[in-house]
Each structure stands twice: as structure tokens, then as C-alpha cells.
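Chemist: The following file, structure-v8.pdb, comprises PDB, C-alpha atoms:
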```
MODEL        1
ATOM      1  CA  MET J   1      -0.115  51.840  -4.439
ATOM      2  CA  ALA J   2       3.177  52.850  -5.967
ATOM      3  CA  SER J   3       5.708  50.355  -7.264
ATOM      4  CA  ILE J   4       9.281  51.594  -7.586
ATOM      5  CA  ARG J   5      11.986  49.683  -9.447
ATOM      6  CA  ARG J   6      15.639  50.635  -9.563
ATOM      7  CA  GLU J   7      18.704  48.667 -10.633
ATOM      8  CA  ILE J   8      22.431  49.136 -11.024
ATOM      9  CA  PRO J   9      25.104  47.208 -12.904
ATOM     10  CA  LEU J  10      28.040  45.896 -10.884
ATOM     11  CA  ALA J  11      31.461  44.684 -11.977
ATOM     12  CA  ALA J  12      31.472  42.016  -9.254
ATOM     13  CA  GLY J  13      30.021  38.583  -9.933
ATOM     14  CA  PRO J  14      26.594  37.598  -8.633
ATOM     15  CA  ASP J  15      27.781  35.107  -6.000
ATOM     16  CA  ALA J  16      30.080  37.654  -4.356
ATOM     17  CA  VAL J  17      27.391  40.354  -4.419
ATOM     18  CA  TRP J  18      24.747  37.970  -3.065
ATOM     19  CA  GLU J  19      27.003  36.975  -0.158
ATOM     20  CA  VAL J  20      26.923  40.619   0.990
ATOM     21  CA  VAL J  21      23.224  41.262   0.246
ATOM     22  CA  ARG J  22      22.116  38.176   2.192
ATOM     23  CA  ASP J  23      24.058  39.337   5.291
ATOM     24  CA  VAL J  24      20.972  41.123   6.664
ATOM     25  CA  GLY J  25      22.679  42.348   9.829
ATOM     26  CA  ALA J  26      25.571  44.092   8.098
ATOM     27  CA  VAL J  27      23.780  46.716   6.011
ATOM     28  CA  HIS J  28      25.749  49.508   7.692
ATOM     29  CA  THR J  29      29.163  47.876   7.261
ATOM     30  CA  ARG J  30      28.994  45.814   4.062
ATOM     31  CA  PHE J  31      25.975  46.625   1.917
ATOM     32  CA  ALA J  32      25.380  50.382   2.094
ATOM     33  CA  PRO J  33      27.813  52.017   4.528
ATOM     34  CA  GLY J  34      27.211  55.725   4.874
ATOM     35  CA  PHE J  35      23.584  55.437   3.763
ATOM     36  CA  VAL J  36      22.797  53.138   6.706
ATOM     37  CA  VAL J  37      24.760  53.984   9.856
ATOM     38  CA  ALA J  38      23.514  51.237  12.227
ATOM     39  CA  THR J  39      21.764  47.869  12.054
ATOM     40  CA  THR J  40      20.373  46.049  15.086
ATOM     41  CA  MET J  41      18.994  42.533  14.782
ATOM     42  CA  GLU J  42      15.783  41.346  16.441
ATOM     43  CA  PRO J  43      14.077  37.953  15.996
ATOM     44  CA  GLY J  44      12.896  37.937  12.353
ATOM     45  CA  ALA J  45      13.700  41.596  11.789
ATOM     46  CA  ARG J  46      16.359  44.250  11.679
ATOM     47  CA  VAL J  47      16.235  47.863  12.810
ATOM     48  CA  VAL J  48      18.140  50.151  10.463
ATOM     49  CA  THR J  49      19.192  53.716  11.176
ATOM     50  CA  PHE J  50      19.759  55.829   8.089
ATOM     51  CA  ALA J  51      22.253  58.687   7.800
ATOM     52  CA  ASN J  52      19.336  61.152   7.640
ATOM     53  CA  GLY J  53      18.218  60.019  11.120
ATOM     54  CA  MET J  54      15.240  57.962   9.985
ATOM     55  CA  VAL J  55      14.826  54.599  11.721
ATOM     56  CA  ALA J  56      12.864  51.683  10.243
ATOM     57  CA  ARG J  57      12.085  48.213  11.516
ATOM     58  CA  GLU J  58      12.330  45.773   8.610
ATOM     59  CA  LEU J  59      10.766  42.331   8.848
ATOM     60  CA  ILE J  60      12.866  39.799   6.953
ATOM     61  CA  VAL J  61      10.337  37.989   4.746
ATOM     62  CA  ASP J  62      12.649  35.677   2.809
ATOM     63  CA  VAL J  63      16.307  35.050   2.027
ATOM     64  CA  ASP J  64      16.281  32.869  -1.092
ATOM     65  CA  ASP J  65      19.781  31.647  -1.914
ATOM     66  CA  ASP J  66      18.703  29.887  -5.122
ATOM     67  CA  ALA J  67      17.088  33.020  -6.587
ATOM     68  CA  ARG J  68      19.598  35.371  -4.880
ATOM     69  CA  ARG J  69      16.609  37.339  -3.555
ATOM     70  CA  LEU J  70      16.049  39.089  -0.234
ATOM     71  CA  ALA J  71      12.498  40.219   0.578
ATOM     72  CA  TYR J  72      11.599  42.476   3.500
ATOM     73  CA  SER J  73       8.817  44.713   4.768
ATOM     74  CA  ALA J  74       9.576  48.047   6.433
ATOM     75  CA  GLN J  75       7.427  49.226   9.293
ATOM     76  CA  SER J  76       7.314  52.966   9.821
ATOM     77  CA  GLU J  77       4.846  55.536  11.072
ATOM     78  CA  ARG J  78       5.105  57.188   7.635
ATOM     79  CA  LEU J  79       4.077  54.097   5.659
ATOM     80  CA  GLU J  80       0.793  52.197   5.582
ATOM     81  CA  HIS J  81       2.400  49.422   3.540
ATOM     82  CA  HIS J  82       5.905  48.623   2.364
ATOM     83  CA  HIS J  83       7.247  45.479   0.770
ATOM     84  CA  ALA J  84      10.575  45.387  -1.028
ATOM     85  CA  SER J  85      13.095  42.990  -2.461
ATOM     86  CA  PHE J  86      16.662  42.930  -3.657
ATOM     87  CA  GLN J  87      17.656  40.466  -6.320
ATOM     88  CA  VAL J  88      21.143  39.818  -7.667
ATOM     89  CA  VAL J  89      21.128  38.838 -11.336
ATOM     90  CA  ALA J  90      24.049  37.550 -13.404
ATOM     91  CA  ASP J  91      24.925  39.980 -16.181
ATOM     92  CA  GLY J  92      27.839  38.950 -18.389
ATOM     93  CA  VAL J  93      30.966  38.861 -16.242
ATOM     94  CA  GLY J  94      29.343  41.061 -13.595
ATOM     95  CA  SER J  95      25.885  41.357 -12.104
ATOM     96  CA  ARG J  96      22.917  43.650 -11.622
ATOM     97  CA  LEU J  97      21.296  44.557  -8.330
ATOM     98  CA  VAL J  98      17.530  45.005  -8.723
ATOM     99  CA  TRP J  99      15.563  46.748  -5.943
ATOM    100  CA  ILE J 100      11.765  46.832  -6.064
ATOM    101  CA  ALA J 101       9.538  48.476  -3.446
ATOM    102  CA  ASP J 102       5.748  48.667  -3.228
ATOM    103  CA  VAL J 103       4.507  51.445  -0.932
ATOM    104  CA  LEU J 104       1.372  53.068   0.438
ATOM    105  CA  PRO J 105       0.434  55.830   0.612
ATOM    106  CA  GLU J 106       1.300  56.662  -2.956
ATOM    107  CA  ALA J 107       2.401  60.111  -1.772
ATOM    108  CA  ALA J 108       5.349  58.425  -0.019
ATOM    109  CA  ALA J 109       6.700  57.112  -3.337
ATOM    110  CA  ALA J 110       8.825  60.164  -4.108
ATOM    111  CA  THR J 111      10.561  60.005  -0.728
ATOM    112  CA  VAL J 112      11.066  56.234  -0.927
ATOM    113  CA  ALA J 113      12.394  56.488  -4.501
ATOM    114  CA  ALA J 114      14.881  59.190  -3.479
ATOM    115  CA  MET J 115      16.088  57.024  -0.581
ATOM    116  CA  MET J 116      16.396  54.022  -2.887
ATOM    117  CA  GLU J 117      18.525  56.023  -5.317
ATOM    118  CA  GLU J 118      20.789  57.220  -2.512
ATOM    119  CA  GLY J 119      20.969  53.679  -1.147
ATOM    120  CA  LEU J 120      21.917  52.273  -4.539
ATOM    121  CA  ARG J 121      24.760  54.788  -4.856
ATOM    122  CA  ALA J 122      26.139  53.600  -1.502
ATOM    123  CA  ALA J 123      25.547  49.941  -2.345
ATOM    124  CA  GLY J 124      27.149  50.342  -5.759
ATOM    125  CA  ALA J 125      30.286  51.806  -4.197
ATOM    126  CA  ALA J 126      30.429  48.977  -1.645
ATOM    127  CA  LEU J 127      29.529  46.089  -3.945
ATOM    128  CA  ASP J 128      31.120  46.934  -7.270
ATOM    129  CA  HIS J 129      34.385  45.172  -6.512
ATOM    130  CA  VAL J 130      33.554  42.613  -3.789
ATOM    131  CA  GLY J 131      34.886  39.130  -4.149
TER     132      GLY J 131
ENDMDL
END
```
Please lay out the structure from this file as C-alpha cells.
Modeler:
Amino acid sequence: MASIRREIPLAAGPDAVWEVVRDVGAVHTRFAPGFVVATTMEPGARVVTFANGMVARELIVDVDDDARRLAYSAQSERLEHHHASFQVVADGVGSRLVWIADVLPEAAAATVAAMMEEGLRAAGAALDHVG
């Protein structure tokens, strides 16, 4: 199994960033516009359509307001296993967004890591000055 960890610093405070991250149905409009182009909600899950045409159903595992942590599991024909989380951490006057994903098969790690990096660029642009 591969474990991928990425993080970015943000100028915005953690409460403002968390308010956007926890809005699980607005990935395409608030969290990572351009990287995600559509989000459809289903009971307990969301279906996200990425700009590259890939579609994934993501089970929402937990939205923890106290820890500012969102955990989800993507279901895709390309992945045997996927579990990921976003966590918003206070960092001085701003915050950090930490994204961790565990994936199988290990061969999928390079593709997932590249998507995470692209997603963080979009999220950074959207979140850096929220609030």
C-alpha cells in the first residue's frame, strides 16, 4: 500500500478554511474549482467529476469539526483501496491544509499523487484568502 502526504500553507485562518473544506457538496465551487468541475450528492457520499474527465464516488467517512478533519474513501474501478483525509491545522496567523491518501494498488500512487498536487494548487488558490 502507498501512503501519500501533501500539505500547503494558507494565509487564511483555520476556521475560515475549515468552513469550506467541510462543505462536502461544494468541491467544484468552493474548495477546488477548476480541478473538480461537478459534485453530486448521494446519501453518505458524493460523486465528483474532475476536469480530466475522471469520475469518482467518494464515501464520506467522517466530518470532525473539533479536529477540523474530513475523511473519505474513493471508489473507482482503478483502485482496490482508497482512504483519504483533509485536515486544517492552525499555523501562526494562517493555516495548513494537510491531505493524506492511502491507496492500492501501489502502482496507482503516482497517478493519485499527481492528482493530489493538482488539487492542492486549485484548493490553495480558492482557500488562501477565504474569510
Chemist: Running the PyMOL selection byres ((chain J and resi 111-122) around 12) on this model by hand, what would come out? Give it as a short mmCIF file (atom, residue, chain, number, x, y, z; two decimals) with C-alpha atoms, in the frame of the given file.
Modeler:
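File written: result.cif
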```cif
data_model
loop_
_atom_site.label_atom_id
_atom_site.label_comp_id
_atom_site.auth_asym_id
_atom_site.auth_seq_id
_atom_site.Cartn_x
_atom_site.Cartn_y
_atom_site.Cartn_z
CA ALA J 2 3.18 52.85 -5.97
CA SER J 3 5.71 50.36 -7.26
CA ILE J 4 9.28 51.59 -7.59
CA ARG J 5 11.99 49.68 -9.45
CA ARG J 6 15.64 50.64 -9.56
CA GLU J 7 18.70 48.67 -10.63
CA ILE J 8 22.43 49.14 -11.02
CA PRO J 9 25.10 47.21 -12.90
CA LEU J 10 28.04 45.90 -10.88
CA VAL J 27 23.78 46.72 6.01
CA HIS J 28 25.75 49.51 7.69
CA THR J 29 29.16 47.88 7.26
CA ARG J 30 28.99 45.81 4.06
CA PHE J 31 25.98 46.62 1.92
CA ALA J 32 25.38 50.38 2.09
CA PRO J 33 27.81 52.02 4.53
CA GLY J 34 27.21 55.72 4.87
CA PHE J 35 23.58 55.44 3.76
CA VAL J 36 22.80 53.14 6.71
CA VAL J 37 24.76 53.98 9.86
CA PHE J 50 19.76 55.83 8.09
CA ALA J 51 22.25 58.69 7.80
CA ASN J 52 19.34 61.15 7.64
CA MET J 54 15.24 57.96 9.98
CA ALA J 74 9.58 48.05 6.43
CA SER J 76 7.31 52.97 9.82
CA ARG J 78 5.11 57.19 7.64
CA LEU J 79 4.08 54.10 5.66
CA HIS J 81 2.40 49.42 3.54
CA HIS J 82 5.90 48.62 2.36
CA HIS J 83 7.25 45.48 0.77
CA ALA J 84 10.58 45.39 -1.03
CA SER J 85 13.10 42.99 -2.46
CA PHE J 86 16.66 42.93 -3.66
CA ARG J 96 22.92 43.65 -11.62
CA LEU J 97 21.30 44.56 -8.33
CA VAL J 98 17.53 45.00 -8.72
CA TRP J 99 15.56 46.75 -5.94
CA ILE J 100 11.76 46.83 -6.06
CA ALA J 101 9.54 48.48 -3.45
CA ASP J 102 5.75 48.67 -3.23
CA VAL J 103 4.51 51.44 -0.93
CA LEU J 104 1.37 53.07 0.44
CA PRO J 105 0.43 55.83 0.61
CA GLU J 106 1.30 56.66 -2.96
CA ALA J 107 2.40 60.11 -1.77
CA ALA J 108 5.35 58.42 -0.02
CA ALA J 109 6.70 57.11 -3.34
CA ALA J 110 8.82 60.16 -4.11
CA ALA J 123 25.55 49.94 -2.35
CA GLY J 124 27.15 50.34 -5.76
CA ALA J 125 30.29 51.81 -4.20
CA ALA J 126 30.43 48.98 -1.64
CA LEU J 127 29.53 46.09 -3.94
CA ASP J 128 31.12 46.93 -7.27
#
```
Chemist: Could you tell me which residues the PyMOL selection byres ((chain J and resi 63-66) around 12) returns for this structure, as a VMD selection string?
Modeler: chain J and resid 14 to 15 17 to 24 44 59 to 62 67 to 72 85 to 89
Chemist: For those residues, write C-alpha atoms to a file as a compact mmCIF listing (two decimals), in the coordinates of the input.
Modeler:
```txt
# COMPACT_ATOMS: atom_id res chain seq x y z
CA PRO J 14 26.59 37.60 -8.63
CA ASP J 15 27.78 35.11 -6.00
CA VAL J 17 27.39 40.35 -4.42
CA TRP J 18 24.75 37.97 -3.06
CA GLU J 19 27.00 36.98 -0.16
CA VAL J 20 26.92 40.62 0.99
CA VAL J 21 23.22 41.26 0.25
CA ARG J 22 22.12 38.18 2.19
CA ASP J 23 24.06 39.34 5.29
CA VAL J 24 20.97 41.12 6.66
CA GLY J 44 12.90 37.94 12.35
CA LEU J 59 10.77 42.33 8.85
CA ILE J 60 12.87 39.80 6.95
CA VAL J 61 10.34 37.99 4.75
CA ASP J 62 12.65 35.68 2.81
CA ALA J 67 17.09 33.02 -6.59
CA ARG J 68 19.60 35.37 -4.88
CA ARG J 69 16.61 37.34 -3.56
CA LEU J 70 16.05 39.09 -0.23
CA ALA J 71 12.50 40.22 0.58
CA TYR J 72 11.60 42.48 3.50
CA SER J 85 13.10 42.99 -2.46
CA PHE J 86 16.66 42.93 -3.66
CA GLN J 87 17.66 40.47 -6.32
CA VAL J 88 21.14 39.82 -7.67
CA VAL J 89 21.13 38.84 -11.34
```
Chemist: Have a look at CA of Val55 (chain J) and CA of Pro43 (chain J) and let me know their distance in Å, one decimal.
Modeler: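 Computed distance, CA of Val55 (chain J) to CA of Pro43 (chain J), equals 17.2 Å.
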Chemist: So which residues touch Thr39 (chain J) within 8 Å, counting only C-alpha atoms, skipping near sequence neighbours fewer than 6 positions away, as an mmCIF file with C-alpha atoms, in the frame of the given file?
Modeler:
```
data_model
loop_
_atom_site.group_PDB
_atom_site.id
_atom_site.type_symbol
_atom_site.label_atom_id
_atom_site.label_comp_id
_atom_site.auth_asym_id
_atom_site.auth_seq_id
_atom_site.Cartn_x
_atom_site.Cartn_y
_atom_site.Cartn_z
ATOM 1 C CA GLY J 25 22.679 42.348 9.829
ATOM 2 C CA ALA J 26 25.571 44.092 8.098
ATOM 3 C CA VAL J 27 23.780 46.716 6.011
ATOM 4 C CA HIS J 28 25.749 49.508 7.692
ATOM 5 C CA ARG J 46 16.359 44.250 11.679
ATOM 6 C CA VAL J 47 16.235 47.863 12.810
ATOM 7 C CA VAL J 48 18.140 50.151 10.463
ATOM 8 C CA THR J 49 19.192 53.716 11.176
#
```
Chemist: Go ahead and compute the interatomic distance for CA of Gly131 (chain J) and CA of Ala38 (chain J), in Å to one decimal.
Modeler: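 Spanning CA of Gly131 (chain J) to CA of Ala38 (chain J) is a straight-line distance of 23.3 Å.
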Chemist: Mind giving me the straight-line distance from CA of Met41 (chain J) to CA of Gly53 (chain J) in Å, one decimal?
Modeler: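 These atoms are spaced 17.9 Å apart.
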Chemist: Could you list, as a PDB file with C-alpha atoms, keeping the file's coordinate frame, every residue within 10 Å of Val93 (chain J), counting all atoms listed in the file and ignoring same-chain residues fewer than 2 positions away?
Modeler:
```pdb
ATOM      1  CA  LEU J  10      28.040  45.896 -10.884  1.00  0.00           C
ATOM      2  CA  ALA J  11      31.461  44.684 -11.977  1.00  0.00           C
ATOM      3  CA  ALA J  12      31.472  42.016  -9.254  1.00  0.00           C
ATOM      4  CA  GLY J  13      30.021  38.583  -9.933  1.00  0.00           C
ATOM      5  CA  PRO J  14      26.594  37.598  -8.633  1.00  0.00           C
ATOM      6  CA  ALA J  90      24.049  37.550 -13.404  1.00  0.00           C
ATOM      7  CA  ASP J  91      24.925  39.980 -16.181  1.00  0.00           C
ATOM      8  CA  SER J  95      25.885  41.357 -12.104  1.00  0.00           C
TER       9      SER J  95
END
```
Chemist: I'd like the box whose edges run along x, y and z of the file and which contains every listed atom of region 18-31 of chain J, padded by 4 Å per side; could you state its centre and edge lengths in Å, one decimal, as AutoDock Vina command-line options?
Modeler:
```
--center_x 25.1 --center_y 43.2 --center_z 3.4 --size_x 16.2 --size_y 20.5 --size_z 20.9
```
